[in-house]
file upload18.cif (mmCIF, C-alpha atoms and all ligand atoms)
data_structure
#
loop_
_atom_site.group_PDB
_atom_site.id
_atom_site.type_symbol
_atom_site.label_atom_id
_atom_site.label_comp_id
_atom_site.auth_asym_id
_atom_site.auth_seq_id
_atom_site.Cartn_x
_atom_site.Cartn_y
_atom_site.Cartn_z
ATOM 1 C CA MET A 1 23.570 4.475 -25.515
ATOM 2 C CA ALA A 2 26.070 6.640 -23.676
ATOM 3 C CA SER A 3 24.220 9.808 -24.603
ATOM 4 C CA ARG A 4 20.909 8.277 -23.554
ATOM 5 C CA ARG A 5 22.291 7.379 -20.143
ATOM 6 C CA GLN A 6 23.700 10.844 -19.811
ATOM 7 C CA SER A 7 20.387 12.495 -20.569
ATOM 8 C CA LEU A 8 18.637 10.198 -18.092
ATOM 9 C CA GLY A 9 21.192 11.178 -15.505
ATOM 10 C CA LEU A 10 20.154 14.761 -16.037
ATOM 11 C CA ALA A 11 16.505 13.764 -15.785
ATOM 12 C CA ALA A 12 17.244 12.098 -12.458
ATOM 13 C CA ALA A 13 19.035 15.214 -11.222
ATOM 14 C CA GLY A 14 15.964 17.210 -12.184
ATOM 15 C CA LEU A 15 13.816 14.742 -10.295
ATOM 16 C CA ALA A 16 15.895 15.218 -7.160
ATOM 17 C CA GLY A 17 15.265 18.952 -7.413
ATOM 18 C CA GLY A 18 11.577 18.302 -7.891
ATOM 19 C CA LEU A 19 11.457 16.081 -4.833
ATOM 20 C CA LEU A 20 13.084 18.765 -2.781
ATOM 21 C CA ALA A 21 10.309 21.023 -3.980
ATOM 22 C CA LEU A 22 7.772 18.336 -3.067
ATOM 23 C CA ARG A 23 9.060 18.220 0.522
ATOM 24 C CA GLN A 24 8.795 21.967 0.636
ATOM 25 C CA GLY A 25 5.178 21.709 -0.462
ATOM 26 C CA ARG A 26 5.641 23.249 -3.892
ATOM 27 C CA GLY A 27 5.059 20.037 -5.827
ATOM 28 C CA LEU A 28 6.887 18.559 -8.771
ATOM 29 C CA ILE A 29 7.051 20.528 -11.959
ATOM 30 C CA LEU A 30 5.649 18.264 -14.633
ATOM 31 C CA PRO A 31 7.064 18.353 -18.144
ATOM 32 C CA SER A 32 4.989 20.337 -20.612
ATOM 33 C CA ALA A 33 2.750 18.436 -23.008
ATOM 34 C CA THR A 34 4.956 19.417 -25.911
ATOM 35 C CA ALA A 35 8.086 17.875 -24.398
ATOM 36 C CA ALA A 36 9.210 14.588 -25.933
ATOM 37 C CA ALA A 37 7.957 11.557 -23.981
ATOM 38 C CA LYS A 38 10.544 10.457 -21.436
ATOM 39 C CA PRO A 39 11.349 6.739 -21.098
ATOM 40 C CA ILE A 40 10.231 6.884 -17.452
ATOM 41 C CA GLU A 41 8.115 9.681 -16.071
ATOM 42 C CA LEU A 42 6.877 9.978 -12.494
ATOM 43 C CA LEU A 43 3.537 11.651 -11.897
ATOM 44 C CA LEU A 44 2.035 13.225 -8.813
ATOM 45 C CA PRO A 45 0.422 12.486 -6.452
ATOM 46 C CA GLY A 46 2.335 9.980 -4.367
ATOM 47 C CA ALA A 47 5.323 10.115 -2.115
ATOM 48 C CA LEU A 48 8.842 8.783 -2.412
ATOM 49 C CA THR A 49 8.922 7.706 1.217
ATOM 50 C CA GLN A 50 8.838 4.491 3.200
ATOM 51 C CA GLY A 51 5.245 3.208 3.103
ATOM 52 C CA GLY A 52 4.517 5.502 0.152
ATOM 53 C CA TRP A 53 3.819 5.089 -3.543
ATOM 54 C CA LEU A 54 4.070 6.778 -6.917
ATOM 55 C CA ARG A 55 2.333 6.503 -10.232
ATOM 56 C CA GLY A 56 4.218 6.936 -13.443
ATOM 57 C CA ARG A 57 4.305 6.290 -17.141
ATOM 58 C CA THR A 58 6.868 4.639 -19.345
ATOM 59 C CA THR A 59 7.393 4.338 -23.061
ATOM 60 C CA GLY A 60 9.293 1.111 -22.364
ATOM 61 C CA GLN A 61 7.990 -2.374 -23.067
ATOM 62 C CA ALA A 62 8.781 -3.673 -19.583
ATOM 63 C CA LEU A 63 9.676 -2.122 -16.274
ATOM 64 C CA SER A 64 11.377 -3.382 -13.145
ATOM 65 C CA LEU A 65 12.010 -1.984 -9.681
ATOM 66 C CA ASP A 66 15.267 -3.256 -8.180
ATOM 67 C CA GLY A 67 15.162 -6.130 -10.650
ATOM 68 C CA ARG A 68 11.572 -7.195 -9.883
ATOM 69 C CA PRO A 69 8.975 -6.814 -12.661
ATOM 70 C CA VAL A 70 6.439 -3.984 -12.355
ATOM 71 C CA ALA A 71 3.038 -4.427 -14.046
ATOM 72 C CA LEU A 72 2.381 -2.034 -16.925
ATOM 73 C CA ALA A 73 -1.059 -0.923 -18.083
ATOM 74 C CA ASP A 74 -1.857 -0.701 -21.804
ATOM 75 C CA ASP A 75 -1.311 3.065 -21.696
ATOM 76 C CA GLY A 76 2.144 2.667 -20.137
ATOM 77 C CA MET A 77 0.961 3.726 -16.675
ATOM 78 C CA PHE A 78 2.334 1.945 -13.620
ATOM 79 C CA LEU A 79 2.301 2.045 -9.836
ATOM 80 C CA ILE A 80 5.278 1.461 -7.580
ATOM 81 C CA ALA A 81 5.335 1.492 -3.786
ATOM 82 C CA PHE A 82 7.807 1.221 -0.937
ATOM 83 C CA ASP A 83 7.700 -0.988 2.116
ATOM 84 C CA ARG A 84 7.638 0.444 5.646
ATOM 85 C CA ASP A 85 11.308 -0.602 5.932
ATOM 86 C CA ALA A 86 12.340 0.122 2.315
ATOM 87 C CA ARG A 87 16.002 1.000 1.795
ATOM 88 C CA PRO A 88 16.859 4.563 0.718
ATOM 89 C CA ALA A 89 18.005 3.719 -2.809
ATOM 90 C CA ALA A 90 15.822 2.114 -5.482
ATOM 91 C CA LEU A 91 16.259 1.753 -9.215
ATOM 92 C CA LEU A 92 13.597 1.771 -11.933
ATOM 93 C CA THR A 93 14.699 0.140 -15.175
ATOM 94 C CA ALA A 94 12.719 0.275 -18.424
ATOM 95 C CA GLN A 95 13.347 -2.050 -21.365
ATOM 96 C CA LEU A 96 13.024 0.112 -24.444
ATOM 97 C CA GLU A 97 11.649 -0.825 -27.842
ATOM 98 C CA THR A 98 15.046 -0.014 -29.330
ATOM 99 C CA GLY A 99 16.567 -2.824 -27.266
ATOM 100 C CA GLY A 100 18.291 -0.501 -24.820
ATOM 101 C CA THR A 101 17.420 0.246 -21.246
ATOM 102 C CA ALA A 102 16.638 3.433 -19.358
ATOM 103 C CA GLU A 103 17.329 3.748 -15.667
ATOM 104 C CA LEU A 104 15.913 6.127 -13.096
ATOM 105 C CA PRO A 105 17.491 6.064 -9.625
ATOM 106 C CA LEU A 106 15.078 6.917 -6.806
ATOM 107 C CA THR A 107 15.746 8.110 -3.281
ATOM 108 C CA VAL A 108 13.213 6.787 -0.771
ATOM 109 C CA ALA A 109 12.955 9.098 2.239
ATOM 110 C CA PRO A 110 12.942 7.485 5.693
ATOM 111 C CA ARG A 111 10.011 8.052 8.055
ATOM 112 C CA ALA A 112 10.148 8.771 11.752
ATOM 113 C CA TRP A 113 7.998 5.903 12.965
ATOM 114 C CA GLN A 114 6.247 6.139 16.302
ATOM 115 C CA ILE A 115 8.304 3.936 18.635
ATOM 116 C CA GLU A 116 7.204 3.259 22.184
ATOM 117 C CA ASN A 117 9.665 1.756 24.655
ATOM 118 C CA VAL A 118 7.908 -0.240 27.354
ATOM 119 C CA ASN A 119 9.405 -1.798 30.440
ATOM 120 C CA ILE A 120 7.665 -5.153 30.161
ATOM 121 C CA ALA A 121 8.896 -8.426 28.713
ATOM 122 C CA ARG A 122 7.744 -9.419 25.247
ATOM 123 C CA ARG A 123 5.159 -12.165 25.443
ATOM 124 C CA GLY A 124 7.176 -15.384 25.347
ATOM 125 C CA GLY A 125 6.593 -18.657 23.557
ATOM 126 C CA GLY A 126 5.645 -19.312 19.970
ATOM 127 C CA PRO A 127 2.179 -20.243 18.733
ATOM 128 C CA THR A 128 0.826 -23.576 19.927
ATOM 129 C CA ASP A 129 0.165 -26.499 17.569
ATOM 130 C CA ASP A 130 -3.558 -26.094 18.189
ATOM 131 C CA PHE A 131 -3.404 -22.441 17.160
ATOM 132 C CA MET A 132 -1.341 -23.154 14.047
ATOM 133 C CA ALA A 133 -3.768 -25.873 12.968
ATOM 134 C CA ILE A 134 -6.372 -23.126 12.600
ATOM 135 C CA ARG A 135 -4.015 -20.348 11.586
ATOM 136 C CA ALA A 136 -2.113 -22.044 8.750
ATOM 137 C CA PRO A 137 -5.158 -22.387 6.453
ATOM 138 C CA GLU A 138 -6.150 -18.789 7.228
ATOM 139 C CA LEU A 139 -2.712 -17.543 6.179
ATOM 140 C CA ALA A 140 -2.837 -19.713 3.058
ATOM 141 C CA ARG A 141 -6.176 -18.178 2.112
ATOM 142 C CA ILE A 142 -4.868 -14.642 2.599
ATOM 143 C CA ALA A 143 -1.812 -15.416 0.449
ATOM 144 C CA ALA A 144 -3.988 -16.982 -2.265
ATOM 145 C CA ALA A 145 -6.257 -13.919 -2.271
ATOM 146 C CA ARG A 146 -3.288 -11.555 -2.635
ATOM 147 C CA ALA A 147 -2.013 -13.600 -5.594
ATOM 148 C CA LEU A 148 -5.218 -12.959 -7.589
ATOM 149 C CA GLN A 149 -5.048 -10.470 -10.439
ATOM 150 C CA THR A 150 -8.473 -9.027 -11.155
ATOM 151 C CA GLY A 151 -7.734 -6.146 -13.505
ATOM 152 C CA ALA A 152 -9.357 -3.703 -11.056
ATOM 153 C CA GLN A 153 -8.594 -0.055 -11.844
ATOM 154 C CA GLY A 154 -8.736 1.455 -8.346
ATOM 155 C CA TRP A 155 -4.957 1.906 -8.380
ATOM 156 C CA ARG A 156 -5.480 4.847 -10.742
ATOM 157 C CA GLN A 157 -7.757 6.700 -8.310
ATOM 158 C CA LYS A 158 -7.276 9.134 -5.479
ATOM 159 C CA PHE A 159 -8.333 7.045 -2.473
ATOM 160 C CA MET A 160 -11.060 8.165 -0.086
ATOM 161 C CA TRP A 161 -11.387 7.351 3.610
ATOM 162 C CA PRO A 162 -13.429 4.148 4.141
ATOM 163 C CA ALA A 163 -14.842 5.726 7.293
ATOM 164 C CA LYS A 164 -14.214 8.857 9.283
ATOM 165 C CA GLY A 165 -13.443 8.855 12.962
ATOM 166 C CA ARG A 166 -10.577 8.987 15.401
ATOM 167 C CA ILE A 167 -7.282 7.531 14.173
ATOM 168 C CA SER A 168 -6.643 5.167 17.085
ATOM 169 C CA GLY A 169 -3.541 3.511 15.616
ATOM 170 C CA LYS A 170 -0.979 4.714 13.095
ATOM 171 C CA PHE A 171 0.674 2.630 10.404
ATOM 172 C CA GLY A 172 4.231 1.596 11.244
ATOM 173 C CA SER A 173 4.079 2.286 14.978
ATOM 174 C CA GLN A 174 6.010 -0.176 17.082
ATOM 175 C CA ARG A 175 6.549 -1.194 20.679
ATOM 176 C CA VAL A 176 9.955 -2.150 21.964
ATOM 177 C CA TYR A 177 9.823 -4.490 24.947
ATOM 178 C CA ARG A 178 12.925 -3.979 27.104
ATOM 179 C CA GLY A 179 14.985 -3.469 23.972
ATOM 180 C CA GLU A 180 13.313 -6.224 21.959
ATOM 181 C CA PRO A 181 11.208 -4.862 19.071
ATOM 182 C CA GLY A 182 7.683 -6.218 18.663
ATOM 183 C CA ALA A 183 5.919 -6.422 15.295
ATOM 184 C CA TYR A 184 5.022 -2.997 13.924
ATOM 185 C CA HIS A 185 1.401 -1.991 13.363
ATOM 186 C CA SER A 186 0.618 -3.054 9.804
ATOM 187 C CA GLY A 187 -2.358 -0.786 9.189
ATOM 188 C CA LEU A 188 -4.265 2.314 10.126
ATOM 189 C CA ASP A 189 -6.947 2.070 12.826
ATOM 190 C CA ILE A 190 -10.102 4.158 12.558
ATOM 191 C CA ALA A 191 -12.458 4.205 15.538
ATOM 192 C CA THR A 192 -15.959 5.601 15.174
ATOM 193 C CA GLY A 193 -16.906 4.790 18.754
ATOM 194 C CA ALA A 194 -19.385 2.051 17.982
ATOM 195 C CA SER A 195 -19.851 -1.236 16.204
ATOM 196 C CA GLY A 196 -22.097 -1.252 13.172
ATOM 197 C CA THR A 197 -20.832 1.910 11.458
ATOM 198 C CA PRO A 198 -20.852 1.251 7.705
ATOM 199 C CA TYR A 199 -17.634 1.761 5.768
ATOM 200 C CA VAL A 200 -17.007 2.132 2.062
ATOM 201 C CA ALA A 201 -14.527 0.958 -0.546
ATOM 202 C CA PRO A 202 -11.723 3.567 -0.629
ATOM 203 C CA ALA A 203 -11.229 2.903 -4.360
ATOM 204 C CA ASP A 204 -12.639 0.645 -7.067
ATOM 205 C CA GLY A 205 -11.837 -2.996 -6.533
ATOM 206 C CA VAL A 206 -12.790 -6.624 -6.620
ATOM 207 C CA VAL A 207 -13.515 -8.602 -3.450
ATOM 208 C CA ILE A 208 -10.756 -11.222 -3.222
ATOM 209 C CA LEU A 209 -11.547 -12.481 0.276
ATOM 210 C CA ALA A 210 -14.719 -12.258 2.363
ATOM 211 C CA ALA A 211 -14.551 -14.442 5.477
ATOM 212 C CA GLU A 212 -17.670 -16.540 6.091
ATOM 213 C CA ARG A 213 -16.682 -16.828 9.738
ATOM 214 C CA PRO A 214 -14.193 -14.854 11.796
ATOM 215 C CA PHE A 215 -10.476 -15.452 11.315
ATOM 216 C CA THR A 216 -8.552 -15.882 14.583
ATOM 217 C CA LEU A 217 -6.799 -12.489 14.460
ATOM 218 C CA GLU A 218 -8.509 -10.532 11.675
ATOM 219 C CA GLY A 219 -12.060 -11.497 12.594
ATOM 220 C CA ASN A 220 -14.429 -10.980 9.662
ATOM 221 C CA LEU A 221 -11.721 -10.218 7.133
ATOM 222 C CA LEU A 222 -12.532 -8.414 3.902
ATOM 223 C CA MET A 223 -9.957 -7.895 1.163
ATOM 224 C CA LEU A 224 -10.135 -5.852 -2.036
ATOM 225 C CA ASP A 225 -7.830 -5.981 -5.019
ATOM 226 C CA HIS A 226 -7.276 -2.551 -6.596
ATOM 227 C CA GLY A 227 -5.214 -3.886 -9.515
ATOM 228 C CA MET A 228 -1.499 -3.862 -10.406
ATOM 229 C CA GLY A 229 -0.607 -5.770 -7.225
ATOM 230 C CA LEU A 230 -2.226 -3.217 -4.884
ATOM 231 C CA ASN A 231 -4.733 -4.466 -2.304
ATOM 232 C CA SER A 232 -6.540 -3.463 0.881
ATOM 233 C CA ALA A 233 -7.492 -5.569 3.898
ATOM 234 C CA PHE A 234 -10.177 -4.528 6.382
ATOM 235 C CA LEU A 235 -10.207 -6.261 9.761
ATOM 236 C CA HIS A 236 -12.570 -6.839 12.691
ATOM 237 C CA SER A 237 -15.839 -6.075 10.832
ATOM 238 C CA SER A 238 -19.132 -6.919 12.543
ATOM 239 C CA GLN A 239 -20.776 -7.664 9.187
ATOM 240 C CA LEU A 240 -19.649 -8.003 5.562
ATOM 241 C CA LEU A 241 -22.063 -6.732 2.908
ATOM 242 C CA VAL A 242 -20.263 -8.068 -0.175
ATOM 243 C CA LYS A 243 -19.012 -11.470 -1.276
ATOM 244 C CA GLU A 244 -15.950 -12.817 -3.056
ATOM 245 C CA GLY A 245 -15.866 -11.917 -6.751
ATOM 246 C CA ASP A 246 -18.046 -8.820 -6.310
ATOM 247 C CA VAL A 247 -16.922 -5.734 -8.199
ATOM 248 C CA VAL A 248 -17.146 -2.733 -5.884
ATOM 249 C CA TRP A 249 -16.943 0.955 -6.668
ATOM 250 C CA GLN A 250 -15.259 3.708 -4.765
ATOM 251 C CA GLY A 251 -17.672 4.940 -2.090
ATOM 252 C CA GLN A 252 -19.814 1.798 -2.086
ATOM 253 C CA VAL A 253 -20.728 0.516 1.388
ATOM 254 C CA ILE A 254 -18.972 -2.841 1.768
ATOM 255 C CA ALA A 255 -19.186 -3.772 5.471
ATOM 256 C CA ARG A 256 -19.735 -2.589 9.030
ATOM 257 C CA ILE A 257 -17.101 -1.791 11.639
ATOM 258 C CA GLY A 258 -16.811 -4.217 14.553
ATOM 259 C CA MET A 259 -14.435 -5.923 16.968
ATOM 260 C CA THR A 260 -14.317 -9.515 15.733
ATOM 261 C CA GLY A 261 -10.968 -11.317 15.961
ATOM 262 C CA ARG A 262 -8.231 -9.841 18.139
ATOM 263 C CA ALA A 263 -9.481 -6.352 18.966
ATOM 264 C CA THR A 264 -9.961 -4.545 22.247
ATOM 265 C CA GLY A 265 -12.703 -2.269 20.966
ATOM 266 C CA PRO A 266 -14.685 -1.585 17.795
ATOM 267 C CA HIS A 267 -12.471 -0.128 15.076
ATOM 268 C CA LEU A 268 -11.563 -0.572 11.435
ATOM 269 C CA HIS A 269 -8.006 -1.755 10.835
ATOM 270 C CA TRP A 270 -7.150 -0.935 7.219
ATOM 271 C CA SER A 271 -3.931 -2.288 5.795
ATOM 272 C CA MET A 272 -2.560 -1.998 2.272
ATOM 273 C CA LYS A 273 0.023 -3.967 0.366
ATOM 274 C CA TRP A 274 1.713 -3.748 -3.015
ATOM 275 C CA GLY A 275 3.287 -7.125 -3.621
ATOM 276 C CA ASP A 276 5.216 -7.812 -0.434
ATOM 277 C CA ALA A 277 5.496 -4.146 0.513
ATOM 278 C CA ARG A 278 3.391 -2.918 3.440
ATOM 279 C CA LEU A 279 2.076 0.591 2.814
ATOM 280 C CA ASP A 280 0.659 3.490 4.786
ATOM 281 C CA PRO A 281 -3.011 4.044 3.827
ATOM 282 C CA LEU A 282 -2.701 7.647 4.971
ATOM 283 C CA LEU A 283 -0.434 8.327 2.000
ATOM 284 C CA PHE A 284 -3.202 7.169 -0.340
ATOM 285 C CA THR A 285 -6.010 9.253 1.165
ATOM 286 C CA GLY A 286 -4.259 12.348 2.445
ATOM 287 C CA PRO A 287 -5.352 13.821 5.790
ATOM 288 C CA MET A 288 -8.898 13.221 7.015
ATOM 289 C CA VAL A 289 -10.989 16.341 6.510
HETATM 290 ZN ZN ZN B 301 -4.831 -2.077 13.797
#

call {"tool": "encode", "arguments": {"input": "upload18.cif", "output": "structure tokens"}}
result
Amino acid sequence: MASRRQSLGLAAAGLAGGLLALRQGRGLILPSATAAAKPIELLLPGALTQGGWLRGRTTGQALSLDGRPVALADDGMFLIAFDRDARPAALLTAQLETGGTAELPLTVAPRAWQIENVNIARRGGGPTDDFMAIRAPELARIAAARALQTGAQGWRQKFMWPAKGRISGKFGSQRVYRGEPGAYHSGLDIATGASGTPYVAPADGVVILAAERPFTLEGNLLMLDHGMGLNSAFLHSSQLLVKEGDVVWQGQVIARIGMTGRATGPHLHWSMKWGDARLDPLLFTGPMV
């Protein structure tokens, strides 16, 4: 056991070097095909940063991230991701067939979020009872949708942009009202300049929520499960072209951009979550080209 831990320590040190290379744009050096399978192996692409994600493979029978179980595919592949406010240290632990464990410490790089200080008071007062009477069932439906496990395989894919246009809002950006932080922006906003622009599924998925009528904030909300706890939500659509339970393929037109719900102009708000972690869609697609 001691020697195993020692060798994993070396593997982790190698990983740190690889990540340095990643930041410098040289990419991780992957082990050669002839090398013995490591208990936990991280694979590109992905990013060990707040709001980012990584795919990997394990020879273990079970895997956990900071003590919470991580879903494993039949081939040992897995996805892990890091919340916008994730702490810098994380630990992957694999339960091995031999009965032992293998650990891989991870360093999650912080991001410089766009913070805007404004000299106005934060809007006071909580939600009214009337609002919550409508809102509570909407939130319950969103939570129920996120709890569904569909077996979708989109998590294995390189994501594509659902639509191309101007990025009118970045993930993670936040306003601070006279020193009091407001909620950060939970998604990425894409504006094409008009309502009605079709948008596509960024990866394979299953429709887990398709609003029949507009939600108070999200408007015509559409949600896709991509498998392994990863899901997308698309807000403010003018029209949904799929229904709950539909299997959709990457690139398939699923809805049209709009400004239903709380929106000041037509745009697509795309947010992604892995479990409770809020993620930056930009780190799934790469830059818009
Ligand atoms: Zn938005």

call {"tool": "resolve_selection", "arguments": {"input": "upload18.cif", "expression": "the PyMOL selection byres (((chain A and resi 105) around 7) and not hetatm)", "output": "ChimeraX atom specification"}}
result
/A:12,90-92,103-104,106-107

call {"tool": "write_last_selection", "arguments": {"input": "upload18.cif", "atoms": "C-alpha atoms", "output": "PDB file, in the frame of the given file"}}
result
ATOM      1  CA  ALA A  12      17.244  12.098 -12.458  1.00  0.00           C
ATOM      2  CA  ALA A  90      15.822   2.114  -5.482  1.00  0.00           C
ATOM      3  CA  LEU A  91      16.259   1.753  -9.215  1.00  0.00           C
ATOM      4  CA  LEU A  92      13.597   1.771 -11.933  1.00  0.00           C
ATOM      5  CA  GLU A 103      17.329   3.748 -15.667  1.00  0.00           C
ATOM      6  CA  LEU A 104      15.913   6.127 -13.096  1.00  0.00           C
ATOM      7  CA  LEU A 106      15.078   6.917  -6.806  1.00  0.00           C
ATOM      8  CA  THR A 107      15.746   8.110  -3.281  1.00  0.00           C
TER       9      THR A 107
END

call {"tool": "residues_near_ligand", "arguments": {"input": "upload18.cif", "ligand": "ligand ZN 301 (chain B)", "cutoff": "12 Å", "atoms": "all atoms listed in the file", "output": "PyMOL selection string"}}
result
chain A and resi 167-174+183-191+217-219+233-236+259+261-272+280-281

call {"tool": "closest_residue", "arguments": {"input": "upload18.cif", "among": "A:Gly245, A:Gly182, A:Pro287, A:Gly258", "to": "A:Asn117", "atoms": "all atoms listed in the file"}}
result
A:Gly182

call {"tool": "axis_aligned_box", "arguments": {"input": "upload18.cif", "around": "stretch 195-213 of chain A", "padding_each_side": "5 Å", "output": "AutoDock Vina command-line options"}}
result
--center_x -16.4 --center_y -6.6 --center_z 4.6 --size_x 21.3 --size_y 30.4 --size_z 33.3

call {"tool": "resolve_selection", "arguments": {"input": "upload18.cif", "expression": "the PyMOL selection byres (((chain A and resi 226) around 10) and not hetatm)", "output": "JSON, numbers by chain"}}
result
{"A": [149, 150, 151, 152, 153, 154, 155, 156, 157, 202, 203, 204, 205, 206, 207, 208, 223, 224, 225, 227, 228, 229, 230, 231, 232, 248, 274]}

call {"tool": "atom_distance", "arguments": {"input": "upload18.cif", "atom1": "atom CA of A:Pro88", "atom2": "atom CA of A:Val118"}}
result
28.5 Å

call {"tool": "closest_residue", "arguments": {"input": "upload18.cif", "among": "A:Met288, A:Thr98, A:Gly60, A:Thr49", "to": "A:Ile80", "atoms": "all atoms listed in the file"}}
result
A:Thr49

call {"tool": "atom_distance", "arguments": {"input": "upload18.cif", "atom1": "atom CA of A:Ala62", "atom2": "atom CA of A:Gln50"}}
result
24.2 Å

call {"tool": "closest_residue", "arguments": {"input": "upload18.cif", "among": "A:Leu222, A:Val70, A:Arg122, A:Asp129", "to": "A:Ala145", "atoms": "all atoms listed in the file"}}
result
A:Leu222

call {"tool": "resolve_selection", "arguments": {"input": "upload18.cif", "expression": "the PyMOL selection byres (((chain A and resi 158) around 7) and not hetatm)", "output": "number ranges by chain"}}
result
A: 157, 159-160, 284-285

call {"tool": "residues_around", "arguments": {"input": "upload18.cif", "residues": "A:Leu283", "least_positions_apart": "3", "cutoff": "9 Å", "atoms": "only C-alpha atoms", "output": "PyMOL selection string"}}
result
chain A and resi 46-47+51-53+279-280+286-287

call {"tool": "atom_distance", "arguments": {"input": "upload18.cif", "atom1": "atom CA of A:Ala163", "atom2": "atom CA of A:Ile254"}}
result
11.0 Å

call {"tool": "build_atoms", "arguments": {"input": "upload18.cif", "residues": "stretch 166-178 of chain A", "atoms": "N, CA and C atoms", "output": "tab-separated table (two decimals), in the coordinates of the input"}}
result
chain	number	residue	atom	x	y	z
A	166	ARG	N	-11.86	8.73	14.74
A	166	ARG	CA	-10.58	8.99	15.40
A	166	ARG	C	-9.55	7.98	14.88
A	167	ILE	N	-8.36	8.46	14.55
A	167	ILE	CA	-7.28	7.53	14.17
A	167	ILE	C	-6.69	6.98	15.47
A	168	SER	N	-7.03	5.74	15.78
A	168	SER	CA	-6.64	5.17	17.08
A	168	SER	C	-5.37	4.35	16.97
A	169	GLY	N	-4.82	4.21	15.78
A	169	GLY	CA	-3.54	3.51	15.62
A	169	GLY	C	-2.94	3.90	14.29
A	170	LYS	N	-1.65	4.29	14.32
A	170	LYS	CA	-0.98	4.71	13.10
A	170	LYS	C	-0.26	3.54	12.45
A	171	PHE	N	-0.13	3.61	11.13
A	171	PHE	CA	0.67	2.63	10.40
A	171	PHE	C	2.14	2.75	10.82
A	172	GLY	N	2.79	1.61	11.02
A	172	GLY	CA	4.23	1.60	11.24
A	172	GLY	C	4.65	1.76	12.69
A	173	SER	N	3.71	2.09	13.58
A	173	SER	CA	4.08	2.29	14.98
A	173	SER	C	4.51	0.95	15.58
A	174	GLN	N	5.37	1.04	16.58
A	174	GLN	CA	6.01	-0.18	17.08
A	174	GLN	C	6.32	-0.04	18.56
A	175	ARG	N	6.14	-1.14	19.27
A	175	ARG	CA	6.55	-1.19	20.68
A	175	ARG	C	7.86	-1.95	20.79
A	176	VAL	N	8.69	-1.46	21.68
A	176	VAL	CA	9.96	-2.15	21.96
A	176	VAL	C	9.90	-2.59	23.43
A	177	TYR	N	9.97	-3.91	23.61
A	177	TYR	CA	9.82	-4.49	24.95
A	177	TYR	C	11.20	-4.74	25.55
A	178	ARG	N	11.60	-3.87	26.47
A	178	ARG	CA	12.92	-3.98	27.10
A	178	ARG	C	14.00	-4.21	26.04
